[in-house]
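A.B. asks: Input my_file.csv, format and content: CSV, N, CA and C atoms.
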```csv
chain,number,residue,atom,x,y,z
P,19,MET,N,128.9,136.6,68.1
P,19,MET,CA,129.5,135.3,68.2
P,19,MET,C,128.6,134.3,69.0
P,20,VAL,N,128.0,134.8,70.1
P,20,VAL,CA,127.1,133.9,70.9
P,20,VAL,C,125.9,133.5,70.0
P,21,LYS,N,125.4,134.5,69.2
P,21,LYS,CA,124.2,134.1,68.4
P,21,LYS,C,124.6,133.1,67.4
P,22,LEU,N,125.8,133.2,66.8
P,22,LEU,CA,126.2,132.2,65.9
P,22,LEU,C,126.3,130.8,66.5
P,23,ILE,N,126.8,130.7,67.7
P,23,ILE,CA,126.9,129.4,68.4
P,23,ILE,C,125.5,128.8,68.6
P,24,TYR,N,124.6,129.7,69.1
P,24,TYR,CA,123.2,129.2,69.4
P,24,TYR,C,122.6,128.8,68.1
P,25,THR,N,122.8,129.5,67.0
P,25,THR,CA,122.2,129.2,65.7
P,25,THR,C,122.8,127.8,65.3
P,26,LEU,N,124.0,127.6,65.4
P,26,LEU,CA,124.6,126.3,65.0
P,26,LEU,C,124.1,125.1,65.9
P,27,ILE,N,123.9,125.4,67.2
P,27,ILE,CA,123.4,124.3,68.0
P,27,ILE,C,121.9,124.0,67.6
P,28,ILE,N,121.1,125.0,67.4
P,28,ILE,CA,119.8,124.8,67.0
P,28,ILE,C,119.7,124.1,65.6
P,29,LEU,N,120.6,124.5,64.7
P,29,LEU,CA,120.6,123.8,63.4
P,29,LEU,C,121.0,122.4,63.5
P,30,LEU,N,122.0,122.1,64.4
P,30,LEU,CA,122.4,120.7,64.6
P,30,LEU,C,121.2,119.8,65.2
P,31,LEU,N,120.5,120.4,66.1
P,31,LEU,CA,119.4,119.7,66.7
P,31,LEU,C,118.3,119.5,65.7
P,32,VAL,N,118.0,120.4,64.9
P,32,VAL,CA,116.9,120.2,63.9
P,32,VAL,C,117.3,119.2,62.8
P,33,LEU,N,118.6,119.2,62.4
P,33,LEU,CA,119.0,118.4,61.3
P,33,LEU,C,119.5,117.0,61.7
P,34,ALA,N,119.7,116.8,63.0
P,34,ALA,CA,120.2,115.5,63.5
P,34,ALA,C,119.1,114.5,63.3
P,35,PRO,N,119.4,113.3,62.9
P,35,PRO,CA,118.4,112.2,62.8
P,35,PRO,C,117.9,111.8,64.2
P,36,PRO,N,116.6,111.4,64.3
P,36,PRO,CA,116.1,111.1,65.6
P,36,PRO,C,116.8,109.8,66.1
P,37,ALA,N,117.1,109.8,67.4
P,37,ALA,CA,117.7,108.6,68.0
P,37,ALA,C,116.6,107.5,68.2
P,38,THR,N,117.0,106.3,67.8
P,38,THR,CA,116.0,105.2,68.0
P,38,THR,C,116.7,104.2,68.9
P,39,ALA,N,116.0,103.9,69.9
P,39,ALA,CA,116.5,102.9,70.9
P,39,ALA,C,116.3,101.5,70.5
P,40,GLU,N,117.1,100.6,70.9
P,40,GLU,CA,117.0,99.2,70.7
P,40,GLU,C,115.7,98.7,71.4
P,41,PRO,N,115.1,97.7,70.8
P,41,PRO,CA,113.9,97.2,71.5
P,41,PRO,C,114.1,96.8,72.9
P,42,SER,N,113.2,97.1,73.8
P,42,SER,CA,113.4,96.9,75.2
P,42,SER,C,112.8,95.5,75.6
P,43,TYR,N,113.6,94.8,76.4
P,43,TYR,CA,113.1,93.5,76.9
P,43,TYR,C,111.8,93.6,77.7
P,44,ILE,N,111.7,94.6,78.5
P,44,ILE,CA,110.5,94.8,79.4
P,44,ILE,C,109.3,95.0,78.5
P,45,ILE,N,109.4,95.8,77.4
P,45,ILE,CA,108.2,96.0,76.6
P,45,ILE,C,107.9,94.8,75.8
P,46,VAL,N,108.9,94.1,75.2
P,46,VAL,CA,108.7,92.9,74.4
P,46,VAL,C,108.0,91.8,75.3
P,47,SER,N,108.6,91.6,76.5
P,47,SER,CA,108.0,90.6,77.4
P,47,SER,C,106.5,90.9,77.8
P,48,LYS,N,106.2,92.2,78.0
P,48,LYS,CA,104.8,92.6,78.3
P,48,LYS,C,103.9,92.3,77.2
P,49,ARG,N,104.4,92.6,76.0
P,49,ARG,CA,103.5,92.4,74.8
P,49,ARG,C,103.3,90.9,74.4
P,50,LEU,N,104.3,90.1,74.9
P,50,LEU,CA,104.2,88.7,74.6
P,50,LEU,C,103.3,87.9,75.6
P,51,VAL,N,103.0,88.5,76.8
P,51,VAL,CA,102.3,87.8,77.8
P,51,VAL,C,100.9,87.3,77.3
P,52,PRO,N,100.1,88.1,76.6
P,52,PRO,CA,98.8,87.6,76.1
P,52,PRO,C,98.9,86.4,75.2
P,53,CYS,N,100.1,86.1,74.7
P,53,CYS,CA,100.3,84.9,73.8
P,53,CYS,C,100.7,83.6,74.5
P,54,TYR,N,101.0,83.7,75.8
P,54,TYR,CA,101.6,82.6,76.5
P,54,TYR,C,100.7,81.3,76.4
P,55,SER,N,99.4,81.4,76.6
P,55,SER,CA,98.6,80.2,76.6
P,55,SER,C,98.6,79.7,75.1
P,56,TYR,N,98.6,80.5,74.1
P,56,TYR,CA,98.6,80.0,72.7
P,56,TYR,C,99.9,79.3,72.4
P,57,ILE,N,101.1,79.9,72.7
P,57,ILE,CA,102.3,79.3,72.3
P,57,ILE,C,102.7,78.1,73.2
P,58,GLU,N,102.0,78.0,74.4
P,58,GLU,CA,102.2,76.8,75.2
P,58,GLU,C,101.4,75.6,74.6
P,59,GLY,N,100.6,75.9,73.6
P,59,GLY,CA,99.9,74.8,72.9
P,59,GLY,C,98.5,74.6,73.6
P,60,LYS,N,98.1,75.4,74.5
P,60,LYS,CA,96.8,75.2,75.2
P,60,LYS,C,95.6,75.4,74.2
P,61,TYR,N,95.8,76.2,73.2
P,61,TYR,CA,94.7,76.6,72.3
P,61,TYR,C,95.2,76.4,70.9
P,62,HIS,N,95.8,75.3,70.6
P,62,HIS,CA,96.5,75.1,69.3
P,62,HIS,C,95.5,75.3,68.1
P,63,SER,N,94.3,74.9,68.2
P,63,SER,CA,93.4,74.9,67.1
P,63,SER,C,92.6,76.2,66.9
P,64,ILE,N,92.8,77.1,67.9
P,64,ILE,CA,92.1,78.4,67.9
P,64,ILE,C,93.1,79.5,67.5
P,65,LYS,N,92.6,80.5,66.8
P,65,LYS,CA,93.4,81.6,66.5
P,65,LYS,C,93.9,82.4,67.8
P,66,PRO,N,95.1,83.0,67.8
P,66,PRO,CA,95.5,83.7,68.9
P,66,PRO,C,94.5,84.9,69.2
P,67,SER,N,94.5,85.2,70.5
P,67,SER,CA,93.5,86.3,70.9
P,67,SER,C,93.9,87.6,70.3
P,68,ASN,N,92.9,88.5,70.3
P,68,ASN,CA,93.2,89.9,69.8
P,68,ASN,C,94.3,90.6,70.5
P,69,ARG,N,94.3,90.4,71.9
P,69,ARG,CA,95.4,91.0,72.7
P,69,ARG,C,96.8,90.4,72.3
P,70,CYS,N,96.8,89.1,72.0
P,70,CYS,CA,98.1,88.5,71.5
P,70,CYS,C,98.5,89.1,70.2
P,71,CYS,N,97.5,89.2,69.3
P,71,CYS,CA,97.8,89.8,68.0
P,71,CYS,C,98.3,91.3,68.1
P,72,ARG,N,97.7,92.0,69.0
P,72,ARG,CA,98.1,93.4,69.2
P,72,ARG,C,99.6,93.4,69.7
P,73,GLY,N,99.8,92.5,70.6
P,73,GLY,CA,101.2,92.4,71.2
P,73,GLY,C,102.2,92.1,70.2
P,74,LEU,N,101.9,91.1,69.3
P,74,LEU,CA,102.8,90.6,68.3
P,74,LEU,C,103.1,91.7,67.2
P,75,ASN,N,102.0,92.5,66.9
P,75,ASN,CA,102.2,93.6,66.0
P,75,ASN,C,103.0,94.7,66.6
P,76,ASP,N,102.9,94.9,67.9
P,76,ASP,CA,103.7,95.9,68.6
P,76,ASP,C,105.2,95.5,68.6
P,77,ILE,N,105.4,94.2,68.8
P,77,ILE,CA,106.8,93.6,68.8
P,77,ILE,C,107.3,93.8,67.4
P,78,ALA,N,106.6,93.4,66.3
P,78,ALA,CA,107.0,93.6,65.0
P,78,ALA,C,107.4,95.0,64.6
P,79,ASP,N,106.6,95.9,65.2
P,79,ASP,CA,106.8,97.4,64.9
P,79,ASP,C,108.1,97.9,65.5
P,80,MET,N,108.6,97.1,66.5
P,80,MET,CA,109.9,97.5,67.1
P,80,MET,C,111.1,97.3,66.2
P,81,VAL,N,110.9,96.5,65.2
P,81,VAL,CA,112.1,96.3,64.3
P,81,VAL,C,112.1,97.4,63.3
P,82,LYS,N,112.8,98.4,63.6
P,82,LYS,CA,112.9,99.6,62.7
P,82,LYS,C,114.3,99.8,62.1
P,83,ASN,N,115.3,99.3,62.7
P,83,ASN,CA,116.7,99.4,62.2
P,83,ASN,C,117.2,98.1,61.7
P,84,GLY,N,116.4,97.4,61.0
P,84,GLY,CA,116.8,96.2,60.3
P,84,GLY,C,117.3,95.1,61.2
P,85,GLU,N,118.4,94.5,60.8
P,85,GLU,CA,119.0,93.3,61.4
P,85,GLU,C,119.3,93.5,62.9
P,86,LYS,N,119.8,94.7,63.2
P,86,LYS,CA,120.1,94.9,64.7
P,86,LYS,C,118.9,94.8,65.5
P,87,ASP,N,117.8,95.4,65.1
P,87,ASP,CA,116.6,95.3,65.9
P,87,ASP,C,115.9,93.9,65.9
P,88,ARG,N,116.1,93.3,64.8
P,88,ARG,CA,115.5,91.9,64.6
P,88,ARG,C,116.2,91.0,65.6
P,89,ILE,N,117.6,91.1,65.7
P,89,ILE,CA,118.3,90.3,66.7
P,89,ILE,C,118.0,90.7,68.1
P,90,ALA,N,117.8,91.9,68.4
P,90,ALA,CA,117.4,92.4,69.7
P,90,ALA,C,116.1,91.8,70.1
P,91,VAL,N,115.1,91.9,69.2
P,91,VAL,CA,113.7,91.4,69.5
P,91,VAL,C,113.8,89.9,69.8
P,92,CYS,N,114.6,89.2,68.9
P,92,CYS,CA,114.7,87.7,69.1
P,92,CYS,C,115.3,87.4,70.5
P,93,LYS,N,116.3,88.1,70.9
P,93,LYS,CA,116.9,87.9,72.2
P,93,LYS,C,115.9,88.2,73.3
P,94,CYS,N,115.1,89.3,73.2
P,94,CYS,CA,114.1,89.6,74.2
P,94,CYS,C,113.1,88.5,74.3
P,95,ILE,N,112.6,88.0,73.2
P,95,ILE,CA,111.6,86.9,73.2
P,95,ILE,C,112.2,85.7,73.9
P,96,LYS,N,113.4,85.3,73.5
P,96,LYS,CA,114.1,84.2,74.2
P,96,LYS,C,114.1,84.3,75.7
P,97,ARG,N,114.5,85.5,76.1
P,97,ARG,CA,114.7,85.8,77.5
P,97,ARG,C,113.3,85.8,78.2
P,98,ALA,N,112.3,86.3,77.6
P,98,ALA,CA,110.9,86.4,78.1
P,98,ALA,C,110.4,85.0,78.3
P,99,LEU,N,110.7,84.1,77.4
P,99,LEU,CA,110.2,82.7,77.5
P,99,LEU,C,111.1,81.7,78.1
P,100,LEU,N,112.1,82.2,78.8
P,100,LEU,CA,113.2,81.3,79.3
P,100,LEU,C,112.6,80.2,80.2
P,101,HIS,N,111.7,80.5,81.1
P,101,HIS,CA,111.2,79.6,82.1
P,101,HIS,C,109.8,79.0,81.7
P,102,ILE,N,109.5,79.1,80.4
P,102,ILE,CA,108.2,78.6,80.0
P,102,ILE,C,108.4,77.4,79.0
P,103,THR,N,107.6,76.4,79.1
P,103,THR,CA,107.6,75.3,78.1
P,103,THR,C,106.6,75.7,77.0
P,104,TYR,N,107.1,75.8,75.8
P,104,TYR,CA,106.3,76.2,74.7
P,104,TYR,C,106.8,75.6,73.4
P,105,GLU,N,106.0,75.8,72.4
P,105,GLU,CA,106.3,75.2,71.1
P,105,GLU,C,106.7,76.4,70.2
P,106,PRO,N,108.1,76.5,69.9
P,106,PRO,CA,108.6,77.6,69.1
P,106,PRO,C,107.9,77.9,67.8
P,107,SER,N,107.4,76.8,67.1
P,107,SER,CA,106.7,77.0,65.8
P,107,SER,C,105.4,77.8,66.0
P,108,LEU,N,104.8,77.8,67.2
P,108,LEU,CA,103.6,78.5,67.4
P,108,LEU,C,103.8,80.0,67.4
P,109,ILE,N,105.0,80.5,67.7
P,109,ILE,CA,105.3,81.9,67.6
P,109,ILE,C,105.1,82.3,66.1
P,110,ALA,N,105.7,81.6,65.2
P,110,ALA,CA,105.6,81.9,63.8
P,110,ALA,C,104.2,81.7,63.3
P,111,ILE,N,103.5,80.7,63.7
P,111,ILE,CA,102.1,80.5,63.3
P,111,ILE,C,101.2,81.6,63.8
P,112,ALA,N,101.4,82.0,65.1
P,112,ALA,CA,100.6,83.2,65.6
P,112,ALA,C,100.9,84.4,64.8
P,113,SER,N,102.2,84.6,64.5
P,113,SER,CA,102.6,85.8,63.7
P,113,SER,C,101.9,85.8,62.4
P,114,GLN,N,101.8,84.7,61.7
P,114,GLN,CA,101.1,84.5,60.4
P,114,GLN,C,99.6,84.8,60.6
P,115,GLN,N,99.0,84.1,61.6
P,115,GLN,CA,97.5,84.2,61.8
P,115,GLN,C,97.1,85.7,62.2
P,116,CYS,N,98.0,86.4,62.9
P,116,CYS,CA,97.8,87.7,63.3
P,116,CYS,C,98.1,88.7,62.2
P,117,GLN,N,98.7,88.2,61.1
P,117,GLN,CA,99.1,89.0,60.0
P,117,GLN,C,100.0,90.2,60.4
P,118,THR,N,101.0,89.9,61.2
P,118,THR,CA,101.9,91.0,61.7
P,118,THR,C,102.7,91.6,60.5
P,119,ARG,N,103.1,92.8,60.6
P,119,ARG,CA,103.8,93.5,59.6
P,119,ARG,C,105.1,92.9,59.3
P,120,LEU,N,105.7,92.3,60.3
P,120,LEU,CA,107.0,91.5,60.1
P,120,LEU,C,106.7,90.1,60.6
P,121,SER,N,107.0,89.1,59.8
P,121,SER,CA,106.7,87.8,60.2
P,121,SER,C,107.8,87.3,61.2
P,122,LEU,N,107.3,86.9,62.3
P,122,LEU,CA,108.3,86.4,63.4
P,122,LEU,C,108.6,85.0,63.1
P,123,PRO,N,109.9,84.6,63.2
P,123,PRO,CA,110.3,83.2,63.0
P,123,PRO,C,110.0,82.3,64.2
P,124,PRO,N,110.1,81.0,64.1
P,124,PRO,CA,110.1,80.2,65.3
P,124,PRO,C,111.3,80.5,66.2
P,125,ILE,N,111.0,80.9,67.4
P,125,ILE,CA,112.1,81.2,68.3
P,125,ILE,C,112.1,80.3,69.5
P,126,GLY,N,113.0,79.4,69.6
P,126,GLY,CA,113.1,78.5,70.7
P,126,GLY,C,114.2,78.9,71.7
P,127,HIS,N,114.4,78.1,72.7
P,127,HIS,CA,115.4,78.3,73.7
P,127,HIS,C,116.8,78.2,73.1
P,128,ASN,N,117.0,77.4,72.0
P,128,ASN,CA,118.2,77.2,71.4
P,128,ASN,C,118.4,77.9,70.1
P,129,THR,N,117.5,78.8,69.8
P,129,THR,CA,117.6,79.6,68.6
P,129,THR,C,118.8,80.6,68.6
P,130,ASN,N,119.6,80.6,67.5
P,130,ASN,CA,120.7,81.5,67.4
P,130,ASN,C,120.1,82.8,66.8
P,131,CYS,N,120.0,83.9,67.6
P,131,CYS,CA,119.4,85.1,67.1
P,131,CYS,C,120.2,85.9,66.1
P,132,SER,N,121.5,85.5,66.0
P,132,SER,CA,122.3,86.2,65.1
P,132,SER,C,122.0,85.7,63.7
```
Taking this structure as input, can you express it in the form of structure tokens?

C.D. replies:
Amino acid sequence: MVKLIYTLIILLLVLAPPATAEPSYIIVSKRLVPCYSYIEGKYHSIKPSNRCCRGLNDIADMVKNGEKDRIAVCKCIKRALLHITYEPSLIAIASQQCQTRLSLPPIGHNTNCS
């Protein structure tokens, strides 16, 4: 009987889908830091830095569970940029210039992430 219970537990662990966590504010904000000078408009005519592009690609990769993760990432970006004066459209432009796997929209302080 004990072997049967252990077998069932192991079977459940093997067959269970992997748990995926919602995107983390801390990680999103850290990945966004290299983009601050760009989205603040300080280097508008220059392409975002390679570090900024890597960060944006990392953020785009966090969207794995569709709409739920997209909303979470949007909220994280809004929170990370709460005390910064920036041009929301530059987030989308940087995303395009960096050719992120998921195109990030303009996200401003008043953006409804839903």

A.B. asks: Pick out the closest residue to Tyr56 in chain P from this set: P:Gln117, P:Leu108, P:Thr129, P:Lys86. Count all atoms listed in the file.

C.D. replies: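 Of P:Gln117, P:Leu108, P:Thr129, P:Lys86, the one nearest Tyr56 in chain P is P:Leu108, counting all atoms listed in the file.
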
A.B. asks: Taking the point (114.8, 80.6, 76.6) as given in the file, collect each protein or nucleic acid residue that comes within 8 Å of it, counting all atoms listed in the file, and present the set as a count of residues only.

C.D. replies: 13

A.B. asks: If you measure from CA of Val91 in chain P to CA of Arg69 in chain P, what distance in Å do you get, rounded to one decimal?

C.D. replies: 18.6 Å

A.B. asks: Given only C-alpha atoms as the basis, pick out the residue of P:Pro41, P:Gly73, P:Pro124, P:Gly59 nearest to Thr103 in chain P.

C.D. replies: P:Gly59

A.B. asks: Would you compute the distance between atom C of Glu105 in chain P and atom C of Lys82 in chain P? Give it in Å to one decimal.

C.D. replies: 25.9 Å

A.B. asks: What does the distance from CA of Pro66 in chain P to CA of Ala90 in chain P come to in Å, to one decimal?

C.D. replies: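 If I compute the distance from CA of Pro66 in chain P to CA of Ala90 in chain P, I get 23.6 Å.
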
A.B. asks: Applying 8 Å and all atoms listed in the file, which residues near range 109-113 of chain P remain after dropping the ones on its own chain fewer than 4 positions away? List them as JSON, numbers by chain.

C.D. replies: {"P": [56, 57, 58, 65, 66, 70, 71, 74, 75, 104, 105, 117, 118, 119, 120, 121, 122, 123, 124, 125]}

A.B. asks: Could you model all heavy atoms for range 67-78 of chain P and present them as a PDB file, in the frame of the given file?

C.D. replies:
```pdb
ATOM      1  N   SER P  67      94.500  85.200  70.500  1.00  0.00           N
ATOM      2  CA  SER P  67      93.500  86.300  70.900  1.00  0.00           C
ATOM      3  C   SER P  67      93.900  87.600  70.300  1.00  0.00           C
ATOM      4  O   SER P  67      94.992  87.830  69.810  1.00  0.00           O
ATOM      5  CB  SER P  67      93.572  86.429  72.460  1.00  0.00           C
ATOM      6  OG  SER P  67      94.824  86.986  72.847  1.00  0.00           O
ATOM      7  N   ASN P  68      92.900  88.500  70.300  1.00  0.00           N
ATOM      8  CA  ASN P  68      93.200  89.900  69.800  1.00  0.00           C
ATOM      9  C   ASN P  68      94.300  90.600  70.500  1.00  0.00           C
ATOM     10  O   ASN P  68      95.081  91.299  69.960  1.00  0.00           O
ATOM     11  CB  ASN P  68      91.882  90.728  69.829  1.00  0.00           C
ATOM     12  CG  ASN P  68      90.878  90.274  68.800  1.00  0.00           C
ATOM     13  OD1 ASN P  68      91.229  89.670  67.794  1.00  0.00           O
ATOM     14  ND2 ASN P  68      89.610  90.545  69.047  1.00  0.00           N
ATOM     15  N   ARG P  69      94.300  90.400  71.900  1.00  0.00           N
ATOM     16  CA  ARG P  69      95.400  91.000  72.700  1.00  0.00           C
ATOM     17  C   ARG P  69      96.800  90.400  72.300  1.00  0.00           C
ATOM     18  O   ARG P  69      97.742  91.153  72.195  1.00  0.00           O
ATOM     19  CB  ARG P  69      95.158  90.738  74.163  1.00  0.00           C
ATOM     20  CG  ARG P  69      94.036  91.599  74.710  1.00  0.00           C
ATOM     21  CD  ARG P  69      93.857  91.439  76.211  1.00  0.00           C
ATOM     22  NE  ARG P  69      95.067  91.841  76.905  1.00  0.00           N
ATOM     23  CZ  ARG P  69      95.528  91.241  77.996  1.00  0.00           C
ATOM     24  NH1 ARG P  69      94.885  90.210  78.513  1.00  0.00           N
ATOM     25  NH2 ARG P  69      96.622  91.663  78.585  1.00  0.00           N
ATOM     26  N   CYS P  70      96.800  89.100  72.000  1.00  0.00           N
ATOM     27  CA  CYS P  70      98.100  88.500  71.500  1.00  0.00           C
ATOM     28  C   CYS P  70      98.500  89.100  70.200  1.00  0.00           C
ATOM     29  O   CYS P  70      99.631  89.480  70.019  1.00  0.00           O
ATOM     30  CB  CYS P  70      97.877  86.992  71.415  1.00  0.00           C
ATOM     31  SG  CYS P  70      99.288  86.121  70.689  1.00  0.00           S
ATOM     32  N   CYS P  71      97.500  89.200  69.300  1.00  0.00           N
ATOM     33  CA  CYS P  71      97.800  89.800  68.000  1.00  0.00           C
ATOM     34  C   CYS P  71      98.300  91.300  68.100  1.00  0.00           C
ATOM     35  O   CYS P  71      99.270  91.659  67.413  1.00  0.00           O
ATOM     36  CB  CYS P  71      96.613  89.731  67.065  1.00  0.00           C
ATOM     37  SG  CYS P  71      96.255  88.043  66.516  1.00  0.00           S
ATOM     38  N   ARG P  72      97.700  92.000  69.000  1.00  0.00           N
ATOM     39  CA  ARG P  72      98.100  93.400  69.200  1.00  0.00           C
ATOM     40  C   ARG P  72      99.600  93.400  69.700  1.00  0.00           C
ATOM     41  O   ARG P  72     100.413  94.226  69.256  1.00  0.00           O
ATOM     42  CB  ARG P  72      97.210  94.174  70.102  1.00  0.00           C
ATOM     43  CG  ARG P  72      95.967  94.707  69.434  1.00  0.00           C
ATOM     44  CD  ARG P  72      95.216  95.705  70.303  1.00  0.00           C
ATOM     45  NE  ARG P  72      94.834  95.179  71.609  1.00  0.00           N
ATOM     46  CZ  ARG P  72      93.710  94.519  71.865  1.00  0.00           C
ATOM     47  NH1 ARG P  72      92.836  94.300  70.900  1.00  0.00           N
ATOM     48  NH2 ARG P  72      93.448  94.084  73.076  1.00  0.00           N
ATOM     49  N   GLY P  73      99.800  92.500  70.600  1.00  0.00           N
ATOM     50  CA  GLY P  73     101.200  92.400  71.200  1.00  0.00           C
ATOM     51  C   GLY P  73     102.200  92.100  70.200  1.00  0.00           C
ATOM     52  O   GLY P  73     103.313  92.636  70.090  1.00  0.00           O
ATOM     53  N   LEU P  74     101.900  91.100  69.300  1.00  0.00           N
ATOM     54  CA  LEU P  74     102.800  90.600  68.300  1.00  0.00           C
ATOM     55  C   LEU P  74     103.100  91.700  67.200  1.00  0.00           C
ATOM     56  O   LEU P  74     104.169  91.923  66.758  1.00  0.00           O
ATOM     57  CB  LEU P  74     102.318  89.358  67.593  1.00  0.00           C
ATOM     58  CG  LEU P  74     102.345  88.092  68.447  1.00  0.00           C
ATOM     59  CD1 LEU P  74     101.747  86.929  67.673  1.00  0.00           C
ATOM     60  CD2 LEU P  74     103.753  87.767  68.910  1.00  0.00           C
ATOM     61  N   ASN P  75     102.000  92.500  66.900  1.00  0.00           N
ATOM     62  CA  ASN P  75     102.200  93.600  66.000  1.00  0.00           C
ATOM     63  C   ASN P  75     103.000  94.700  66.600  1.00  0.00           C
ATOM     64  O   ASN P  75     103.859  95.298  65.939  1.00  0.00           O
ATOM     65  CB  ASN P  75     100.811  94.176  65.569  1.00  0.00           C
ATOM     66  CG  ASN P  75     100.268  93.453  64.363  1.00  0.00           C
ATOM     67  OD1 ASN P  75     100.926  93.397  63.335  1.00  0.00           O
ATOM     68  ND2 ASN P  75      99.097  92.866  64.501  1.00  0.00           N
ATOM     69  N   ASP P  76     102.900  94.900  67.900  1.00  0.00           N
ATOM     70  CA  ASP P  76     103.700  95.900  68.600  1.00  0.00           C
ATOM     71  C   ASP P  76     105.200  95.500  68.600  1.00  0.00           C
ATOM     72  O   ASP P  76     106.083  96.278  68.346  1.00  0.00           O
ATOM     73  CB  ASP P  76     103.273  96.122  70.053  1.00  0.00           C
ATOM     74  CG  ASP P  76     101.958  96.874  70.174  1.00  0.00           C
ATOM     75  OD1 ASP P  76     101.502  97.463  69.169  1.00  0.00           O
ATOM     76  OD2 ASP P  76     101.388  96.873  71.288  1.00  0.00           O
ATOM     77  N   ILE P  77     105.400  94.200  68.800  1.00  0.00           N
ATOM     78  CA  ILE P  77     106.800  93.600  68.800  1.00  0.00           C
ATOM     79  C   ILE P  77     107.300  93.800  67.400  1.00  0.00           C
ATOM     80  O   ILE P  77     108.476  94.217  67.179  1.00  0.00           O
ATOM     81  CB  ILE P  77     106.788  92.174  69.229  1.00  0.00           C
ATOM     82  CG1 ILE P  77     106.487  92.110  70.729  1.00  0.00           C
ATOM     83  CG2 ILE P  77     108.126  91.523  68.910  1.00  0.00           C
ATOM     84  CD1 ILE P  77     106.244  90.707  71.260  1.00  0.00           C
ATOM     85  N   ALA P  78     106.600  93.400  66.300  1.00  0.00           N
ATOM     86  CA  ALA P  78     107.000  93.600  65.000  1.00  0.00           C
ATOM     87  C   ALA P  78     107.400  95.000  64.600  1.00  0.00           C
ATOM     88  O   ALA P  78     108.319  95.293  63.883  1.00  0.00           O
ATOM     89  CB  ALA P  78     105.976  93.008  63.991  1.00  0.00           C
TER      90      ALA P  78
END
```
